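Asks: Questions regarding the structure given below will be posed in turn.
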Amino acid sequence: MPTMVVEDPLGVECVFSDGSRAVFGLDGSPNPCLARDLAVGLVELIHPHGTVDAAGSVGHYVRSLRRMVLHLAGRGFAGGAGDLRRGQLAEFWMAGPAALEATTRALVEGFARSGRALGEGVLELAAGRHFNIQPNRQALPPYPEAEWDRLIEVCRALVDESYAAHRKALLSVVGGRHPGEGGWTAENFCWLLARTGPIGTPELAETVGVTVNVFRNRGGTRGLHQAVQAVFPHLDTLIAYQLLFGVYSGIVPDGIADLGVGDIEWAGDSTVLLSYVKGRTSSESLNLPRVAVRLLEQWLSHSALLRGLVAEADRDKLWLGMSQVGNSRLVRDVDRNSVHRWVRRFGVVGDDGQPMKIHRSRIRTSHQSMRDKNAWTGSARATIDPNHTPSVEGDHYLTATTPAQLHAVETIVEDAQHDILRRAHPPTVITEEDAAALAEGYPQLIAELGLDDVAIAELVGGARDVFTAACGDQLSGLHGPAGKPCPARPWVCLLCPLAVFAPRHAGNLLRLKAFFSRQWQQMPAAHFMGSSQGEPKSRHGMILVRQRCGSVSSSAASRSFSWSSS
């Protein structure tokens with residue numbers, strides 16, 4: 001809950017939805033009255049009153065507030081927000097830039113939302129069209145598949161090689177000795193580091209009883225660096241783990257960077273519910289994919305020794321690693337420059353042959369895009385991320401796709417539109433009175449399928465019956481290859497535009513309903529839904545009906561179906 005300190009010094013204290021706090025001072029303003037009024041508007045923009053829910057965003061508004069107060073004070077304005085006039089604000093906003101105009105307009109609107117009065121026409125101006133239109137920022141597209149595969153390959157190779165060296169180092173610890181007694185070998189250095197924890201070259205030289213210069217001149221640093229890199233994970237390995245974890249899980253970059261060991265909730269041997277904080281919203285959780293769980297298990301094993309040797313305050317941090325070989329400092333943050341140096345160091349190149357530009361937000365976009373391409377399973381949610389609107393997800397995950405993915409999306413849309421149009425046609429039902437006048441009362445079937453008098457007579461007479469209905473043309477079914485009998489199950493006819501229902505089919509329809517009722521009572525819901533899509537007995541019964549449908553009455557077909565699926 002944001003609160004404003006009205007006494008001197010003036011400031012705004014915020015408590016965000018993730019539990020973090022921040023205090024922003026506004027003292028030293030040339031116009032304290034205007035600064036206080038705009039701070040009131042700022043409070044209305046902060047969670048839970050508004051959508052601003054991060055310290056960085058509030059800081060951006062505070063800087064804009066100071067610039068606005070300073071600019072107007074330089075023009076001789078000494079009143080509060082209620083004394084502002086349209087001309088003053090228009091002059092300030094027209095001077096730009098666009099970000100300053102947008103934030104200060106929001107502050108003025110927030111002041112009015114708090115119930116305070118503004119000058120005539122000021123609120124309309126603040127809520128109106130901006131003078132400086134902010135550029136339309138296009139979302140970063142997913143990585144091309146070749147670049148995506150190269151990134152995964154480099155990360156996977158580095159992770160596996162580093163973990164194999166770590167396991168080998170742990171085995172060598174068993175037979176190791178103190179380097180001062182057994183010699184300056186990598187195995188003995190591993191033995192020492194497993195007991196002392198991360199130490200720098202000067203400290204280790206002192207431990208073995210020599211000076212730093214002697215240690216370096218005698219080649220001790222070579223074995224030490226080899227041992228330190230094997231025993232403890234370093235920055236390069238940590239970056240590879242983080243990038244690969246983002247590839248496998250699709251979690252936002254700030255959520256990955258701030259993870260702690262306490263955020264991992266194990267729900268069995270292979271299931272992890274991971275809680276993280278998305279900076280723009282609030283706490284979220286994700287049931288990790290299996291491959292991400294395995295990677296997380298490997299990282300916890302890789303960093304277990306280091307975690308047990310560092311200070312208590314650092315042990316809860318998930319991404320725990322050494323910043324530099326030969327130095328005892330831990331990694332505090334993985335910034336953009338570190339990632340760029342990592343790309344050049346390991347030769348990760350893009351399709352243009354240049355060092356690949358790693359955008360960790362783009363990794364999330366690529367994860368969602370590749371997931372939808374590899375397995376289109378649908379979702380009970382309206383969007384991929386509950387914090388996104390459908391329009392945002394359309395911009396991020398549908399329009400920004402590779403040609404193959406775009407073709408897949410267009411095919412899905414076309415199929416969906418075809419299904420909607422097909423289901424819009426009502427089922428064809430004829431009564432005994434209509435049967436004689438079928439040619440006149442059913443022109444749609446004649447026009448679309450080109451049926452002749454013989455085919456119509458077969459429909460009316462029952463020669464084309466397929467258990468629940470009469471089929472206009474079995475060789476032109478919508479659910480199988482053209483020219484071959486339709487492979488659809490009996491209940492699919494209920495939605496097929498080729499089906500014609502007559503009174504003689506009522507008995508079989510009731511038998512089908514009774515069959516499903518029995519199955520529903522005898523089976524769990526999930527098993528019932530799965531068997532209704534691929535239940536072998538029903539499929540065998542349908543094949544038998546089709547083989548005999550030309551010469552068997554519907555009652556005989558009913559007995560065949562009941563026998564095959566009982």
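Order determines the names: the first chain of the structure tokens is A, the second B, and so forth; residues in each chain are numbered 1 upward, and ligands are numbered 1 upward as they are shown.
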Write down as number ranges by chain the residues belonging to range 11-68 of chain A that are assigned helix (DSSP H, G or I) by DSSP computed on the backbone.

Replies: A: 32-45, 55-68

Asks: Nearest to Ala99 in chain A: which of A:Ala81, A:Val334, A:Ala186, A:Leu65 is it, counting only C-alpha atoms?

Replies: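 Among the listed residues, A:Leu65 lies closest to Ala99 in chain A.
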
Asks: Counting only C-alpha atoms, figure out which residue out of A:Leu243, A:Ala194, A:Val173, A:Ala39 gets nearest to Val159 in chain A.

Replies: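 Selected residue with least distance to Val159 in chain A: A:Leu243.
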
Asks: Hey, what's within 12 Å of Arg105 in chain A if we count only C-alpha atoms and toss same-chain stuff fewer than 6 positions away? As a PyMOL selection string, please?

Replies: chain A and resi 38+41-42+45+61+64-65+68+81+89-90+92-94+96+98-99+111-112+122-132

Asks: So that I can see what lies close to Thr468 in chain A, please list as a PyMOL selection string the residues with an atom at most 7 Å from it, counting only C-alpha atoms and leaving out residues fewer than 5 positions away in the same chain.

Replies: chain A and resi 490+505+508-509

Asks: For the interface of range 73-182 of chain A with range 236-239 of chain A (cut-off 10 Å, counting only C-alpha atoms), please tabulate each contacting residue of range 73-182 of chain A alongside its nearest pair of atoms and their separation in Å to one decimal, rows sorted by chain and increasing number, as a Markdown table.

Replies:
| residue | atom | partner | partner_atom | distance |
| --- | --- | --- | --- | --- |
| A:Cys155 | CA | A:Thr237 | CA | 8.5 |
| A:Leu158 | CA | A:Thr237 | CA | 6.7 |
| A:Val159 | CA | A:Thr237 | CA | 6.3 |
| A:Asp160 | CA | A:Thr237 | CA | 9.6 |
| A:Glu161 | CA | A:Thr237 | CA | 9.5 |
| A:Ser162 | CA | A:Thr237 | CA | 7.0 |
| A:Tyr163 | CA | A:Thr237 | CA | 9.1 |

Asks: Any chance you could export the current selection's all heavy atoms as a short mmCIF file (atom, residue, chain, number, x, y, z; two decimals), in the first residue's frame?

Replies:
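Output file out-v9.cif is given in full below:
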data_model
loop_
_atom_site.label_atom_id
_atom_site.label_comp_id
_atom_site.auth_asym_id
_atom_site.auth_seq_id
_atom_site.Cartn_x
_atom_site.Cartn_y
_atom_site.Cartn_z
N CYS A 155 25.01 -24.28 -24.96
CA CYS A 155 24.69 -24.32 -23.53
C CYS A 155 24.73 -25.74 -23.00
O CYS A 155 25.28 -26.00 -21.92
CB CYS A 155 23.32 -23.69 -23.28
SG CYS A 155 23.22 -21.92 -23.56
N LEU A 158 28.38 -27.02 -22.72
CA LEU A 158 29.11 -26.40 -21.61
C LEU A 158 28.62 -26.93 -20.27
O LEU A 158 29.42 -27.22 -19.37
CB LEU A 158 28.95 -24.89 -21.68
CG LEU A 158 29.64 -24.07 -20.58
CD1 LEU A 158 31.13 -24.36 -20.56
CD2 LEU A 158 29.39 -22.58 -20.79
N VAL A 159 27.31 -27.07 -20.13
CA VAL A 159 26.73 -27.57 -18.88
C VAL A 159 27.19 -29.00 -18.61
O VAL A 159 27.61 -29.34 -17.49
CB VAL A 159 25.20 -27.47 -18.95
CG1 VAL A 159 24.54 -28.33 -17.87
CG2 VAL A 159 24.76 -26.02 -18.80
N ASP A 160 27.12 -29.85 -19.60
CA ASP A 160 27.47 -31.26 -19.41
C ASP A 160 28.96 -31.43 -19.15
O ASP A 160 29.37 -32.22 -18.28
CB ASP A 160 27.05 -32.07 -20.63
CG ASP A 160 25.54 -32.19 -20.75
OD1 ASP A 160 24.85 -31.93 -19.75
OD2 ASP A 160 25.06 -32.52 -21.86
N GLU A 161 29.81 -30.71 -19.90
CA GLU A 161 31.25 -30.82 -19.69
C GLU A 161 31.64 -30.32 -18.30
O GLU A 161 32.48 -30.94 -17.61
CB GLU A 161 32.00 -30.03 -20.76
CG GLU A 161 31.89 -30.63 -22.16
CD GLU A 161 32.50 -29.73 -23.21
OE1 GLU A 161 33.06 -28.68 -22.84
OE2 GLU A 161 32.41 -30.07 -24.41
N SER A 162 31.07 -29.22 -17.88
CA SER A 162 31.39 -28.67 -16.57
C SER A 162 30.93 -29.61 -15.45
O SER A 162 31.65 -29.82 -14.47
CB SER A 162 30.75 -27.29 -16.42
OG SER A 162 30.97 -26.77 -15.13
N TYR A 163 29.75 -30.19 -15.62
CA TYR A 163 29.25 -31.09 -14.58
C TYR A 163 30.06 -32.38 -14.52
O TYR A 163 30.33 -32.92 -13.43
CB TYR A 163 27.78 -31.40 -14.84
CG TYR A 163 27.12 -32.21 -13.75
CD1 TYR A 163 27.07 -31.73 -12.44
CD2 TYR A 163 26.55 -33.45 -14.02
CE1 TYR A 163 26.47 -32.46 -11.43
CE2 TYR A 163 25.93 -34.20 -13.01
CZ TYR A 163 25.90 -33.69 -11.72
OH TYR A 163 25.31 -34.43 -10.72
#

Asks: I'd like the neighbourhood of range 342-344 of chain A as a ChimeraX atom specification, where a residue qualifies if any of its atoms comes within 10 Å (using only C-alpha atoms), though same-chain residues fewer than 2 positions away should be ignored.

Replies: /A:151,154,235-237,239-240,336-340,346-349,354-358

Asks: Using DSSP assignments from the backbone, pull out every residue in range 183-316 of chain A that falls under strand (DSSP E or B) and give it to me as a list in words.

Replies: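 Result set for range 183-316 of chain A (strand (DSSP E or B)): His234, Gly260, Ile264, Glu265, Trp266, Val272, Leu273, Leu274, Ser275, Tyr276, Val277, Ser283, Glu284, Ser285, Leu286 and Asn287 of chain A.
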
Asks: How would the residues just chosen look if you wrote them out with N, CA, C and O atoms as an mmCIF file, in the first residue's frame?

Replies:
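See result.cif below for the written result:
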data_model
loop_
_atom_site.group_PDB
_atom_site.id
_atom_site.type_symbol
_atom_site.label_atom_id
_atom_site.label_comp_id
_atom_site.auth_asym_id
_atom_site.auth_seq_id
_atom_site.Cartn_x
_atom_site.Cartn_y
_atom_site.Cartn_z
ATOM 1 N N HIS A 234 31.472 -21.603 -12.090
ATOM 2 C CA HIS A 234 31.873 -20.219 -12.306
ATOM 3 C C HIS A 234 30.869 -19.505 -13.212
ATOM 4 O O HIS A 234 29.872 -20.088 -13.642
ATOM 5 N N GLY A 260 15.272 -18.330 -5.538
ATOM 6 C CA GLY A 260 15.956 -18.848 -4.368
ATOM 7 C C GLY A 260 15.660 -20.327 -4.199
ATOM 8 O O GLY A 260 14.715 -20.862 -4.796
ATOM 9 N N ILE A 264 11.637 -23.491 -4.710
ATOM 10 C CA ILE A 264 11.452 -24.800 -5.355
ATOM 11 C C ILE A 264 10.616 -25.684 -4.447
ATOM 12 O O ILE A 264 11.005 -25.960 -3.317
ATOM 13 N N GLU A 265 9.482 -26.123 -4.927
ATOM 14 C CA GLU A 265 8.603 -27.007 -4.158
ATOM 15 C C GLU A 265 8.511 -28.347 -4.890
ATOM 16 O O GLU A 265 7.935 -28.437 -5.972
ATOM 17 N N TRP A 266 9.092 -29.360 -4.298
ATOM 18 C CA TRP A 266 9.099 -30.687 -4.908
ATOM 19 C C TRP A 266 7.782 -31.381 -4.612
ATOM 20 O O TRP A 266 7.337 -31.465 -3.480
ATOM 21 N N VAL A 272 8.171 -30.479 -10.121
ATOM 22 C CA VAL A 272 8.574 -29.301 -9.361
ATOM 23 C C VAL A 272 7.583 -28.180 -9.644
ATOM 24 O O VAL A 272 7.279 -27.885 -10.804
ATOM 25 N N LEU A 273 7.073 -27.576 -8.569
ATOM 26 C CA LEU A 273 6.271 -26.363 -8.682
ATOM 27 C C LEU A 273 7.169 -25.202 -8.285
ATOM 28 O O LEU A 273 7.591 -25.102 -7.128
ATOM 29 N N LEU A 274 7.501 -24.364 -9.247
ATOM 30 C CA LEU A 274 8.463 -23.284 -9.039
ATOM 31 C C LEU A 274 7.721 -21.967 -8.877
ATOM 32 O O LEU A 274 6.915 -21.590 -9.729
ATOM 33 N N SER A 275 7.976 -21.272 -7.767
ATOM 34 C CA SER A 275 7.382 -19.960 -7.514
ATOM 35 C C SER A 275 8.412 -18.889 -7.837
ATOM 36 O O SER A 275 9.573 -18.990 -7.439
ATOM 37 N N TYR A 276 7.983 -17.863 -8.557
ATOM 38 C CA TYR A 276 8.887 -16.780 -8.925
ATOM 39 C C TYR A 276 8.107 -15.489 -8.997
ATOM 40 O O TYR A 276 6.860 -15.485 -8.955
ATOM 41 N N VAL A 277 8.824 -14.383 -9.070
ATOM 42 C CA VAL A 277 8.203 -13.058 -9.107
ATOM 43 C C VAL A 277 8.461 -12.435 -10.452
ATOM 44 O O VAL A 277 9.617 -12.306 -10.884
ATOM 45 N N SER A 283 3.659 -12.339 -7.833
ATOM 46 C CA SER A 283 4.112 -13.722 -7.696
ATOM 47 C C SER A 283 3.358 -14.644 -8.646
ATOM 48 O O SER A 283 2.150 -14.517 -8.812
ATOM 49 N N GLU A 284 4.106 -15.577 -9.241
ATOM 50 C CA GLU A 284 3.519 -16.568 -10.128
ATOM 51 C C GLU A 284 4.141 -17.923 -9.809
ATOM 52 O O GLU A 284 5.129 -18.017 -9.066
ATOM 53 N N SER A 285 3.573 -18.978 -10.348
ATOM 54 C CA SER A 285 4.131 -20.315 -10.161
ATOM 55 C C SER A 285 3.984 -21.087 -11.460
ATOM 56 O O SER A 285 3.125 -20.789 -12.288
ATOM 57 N N LEU A 286 4.843 -22.099 -11.626
ATOM 58 C CA LEU A 286 4.866 -22.873 -12.852
ATOM 59 C C LEU A 286 5.230 -24.312 -12.521
ATOM 60 O O LEU A 286 6.163 -24.563 -11.751
ATOM 61 N N ASN A 287 4.480 -25.236 -13.082
ATOM 62 C CA ASN A 287 4.825 -26.653 -12.992
ATOM 63 C C ASN A 287 5.855 -26.933 -14.078
ATOM 64 O O ASN A 287 5.530 -26.963 -15.254
#

Asks: Which is closer to Glu44 in chain A than all the others in A:Gly110, A:Pro289, A:Gly321, A:Gly119, using only C-alpha atoms?

Replies: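 Closest to Glu44 in chain A of all the choices is A:Gly110.
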
Asks: As an exercise, work out the distance from CA of Leu192 in chain A to CA of Gly262 in chain A in Å and give it to one decimal place.

Replies: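 Atom-to-atom, CA of Leu192 in chain A to CA of Gly262 in chain A, that is 29.7 Å.
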
Asks: Which residues are near range 225-232 of chain A? Cut-off 8 Å, only C-alpha atoms, ignore same chain within fewer than 6 positions. Put them as an mmCIF file with N, CA and C atoms, in the first residue's frame.

Replies:
data_model
loop_
_atom_site.group_PDB
_atom_site.id
_atom_site.type_symbol
_atom_site.label_atom_id
_atom_site.label_comp_id
_atom_site.auth_asym_id
_atom_site.auth_seq_id
_atom_site.Cartn_x
_atom_site.Cartn_y
_atom_site.Cartn_z
ATOM 1 N N SER A 162 31.068 -29.221 -17.883
ATOM 2 C CA SER A 162 31.393 -28.673 -16.573
ATOM 3 C C SER A 162 30.932 -29.609 -15.455
ATOM 4 N N ALA A 165 33.276 -32.624 -15.246
ATOM 5 C CA ALA A 165 34.526 -32.265 -14.574
ATOM 6 C C ALA A 165 34.312 -32.120 -13.073
ATOM 7 N N HIS A 166 33.156 -31.606 -12.673
ATOM 8 C CA HIS A 166 32.849 -31.448 -11.249
ATOM 9 C C HIS A 166 32.746 -32.803 -10.560
ATOM 10 N N ALA A 169 36.142 -34.217 -10.148
ATOM 11 C CA ALA A 169 36.876 -33.549 -9.072
ATOM 12 C C ALA A 169 36.438 -34.057 -7.710
ATOM 13 N N LEU A 170 35.144 -34.303 -7.541
ATOM 14 C CA LEU A 170 34.664 -34.823 -6.259
ATOM 15 C C LEU A 170 35.230 -36.206 -5.977
ATOM 16 N N ALA A 186 46.394 -30.908 -9.289
ATOM 17 C CA ALA A 186 44.981 -30.511 -9.323
ATOM 18 C C ALA A 186 44.163 -31.315 -8.323
ATOM 19 N N GLU A 187 44.498 -32.602 -8.154
ATOM 20 C CA GLU A 187 43.744 -33.428 -7.212
ATOM 21 C C GLU A 187 43.921 -32.929 -5.775
ATOM 22 N N PHE A 189 44.731 -29.863 -4.896
ATOM 23 C CA PHE A 189 44.043 -28.577 -4.772
ATOM 24 C C PHE A 189 42.541 -28.795 -4.576
ATOM 25 N N CYS A 190 41.977 -29.782 -5.266
ATOM 26 C CA CYS A 190 40.558 -30.109 -5.077
ATOM 27 C C CYS A 190 40.291 -30.533 -3.630
ATOM 28 N N LEU A 193 40.370 -27.289 -1.531
ATOM 29 C CA LEU A 193 39.214 -26.407 -1.760
ATOM 30 C C LEU A 193 37.934 -26.987 -1.179
ATOM 31 N N ALA A 194 37.797 -28.318 -1.187
ATOM 32 C CA ALA A 194 36.603 -28.938 -0.619
ATOM 33 C C ALA A 194 36.516 -28.739 0.886
ATOM 34 N N PRO A 198 35.802 -21.457 -1.299
ATOM 35 C CA PRO A 198 36.429 -20.600 -2.325
ATOM 36 C C PRO A 198 37.414 -19.622 -1.706
ATOM 37 N N HIS A 302 25.401 -29.654 -8.786
ATOM 38 C CA HIS A 302 26.640 -28.985 -9.197
ATOM 39 C C HIS A 302 27.066 -27.923 -8.181
ATOM 40 N N SER A 303 26.118 -27.241 -7.588
ATOM 41 C CA SER A 303 26.426 -26.141 -6.664
ATOM 42 C C SER A 303 26.323 -26.554 -5.202
ATOM 43 N N LEU A 305 28.288 -28.385 -3.176
ATOM 44 C CA LEU A 305 29.507 -28.217 -2.382
ATOM 45 C C LEU A 305 29.756 -26.751 -2.064
ATOM 46 N N LEU A 306 29.631 -25.892 -3.068
ATOM 47 C CA LEU A 306 29.826 -24.461 -2.843
ATOM 48 C C LEU A 306 28.793 -23.915 -1.868
ATOM 49 N N GLY A 321 27.585 -19.010 -7.761
ATOM 50 C CA GLY A 321 28.786 -19.344 -8.518
ATOM 51 C C GLY A 321 29.894 -18.356 -8.245
ATOM 52 N N MET A 322 31.102 -18.691 -8.722
ATOM 53 C CA MET A 322 32.272 -17.832 -8.556
ATOM 54 C C MET A 322 32.359 -16.860 -9.731
ATOM 55 N N VAL A 325 37.990 -16.925 -11.969
ATOM 56 C CA VAL A 325 38.943 -17.951 -11.548
ATOM 57 C C VAL A 325 40.086 -17.295 -10.777
ATOM 58 N N GLY A 326 40.430 -17.858 -9.629
ATOM 59 C CA GLY A 326 41.490 -17.308 -8.803
ATOM 60 C C GLY A 326 41.031 -16.222 -7.874
#
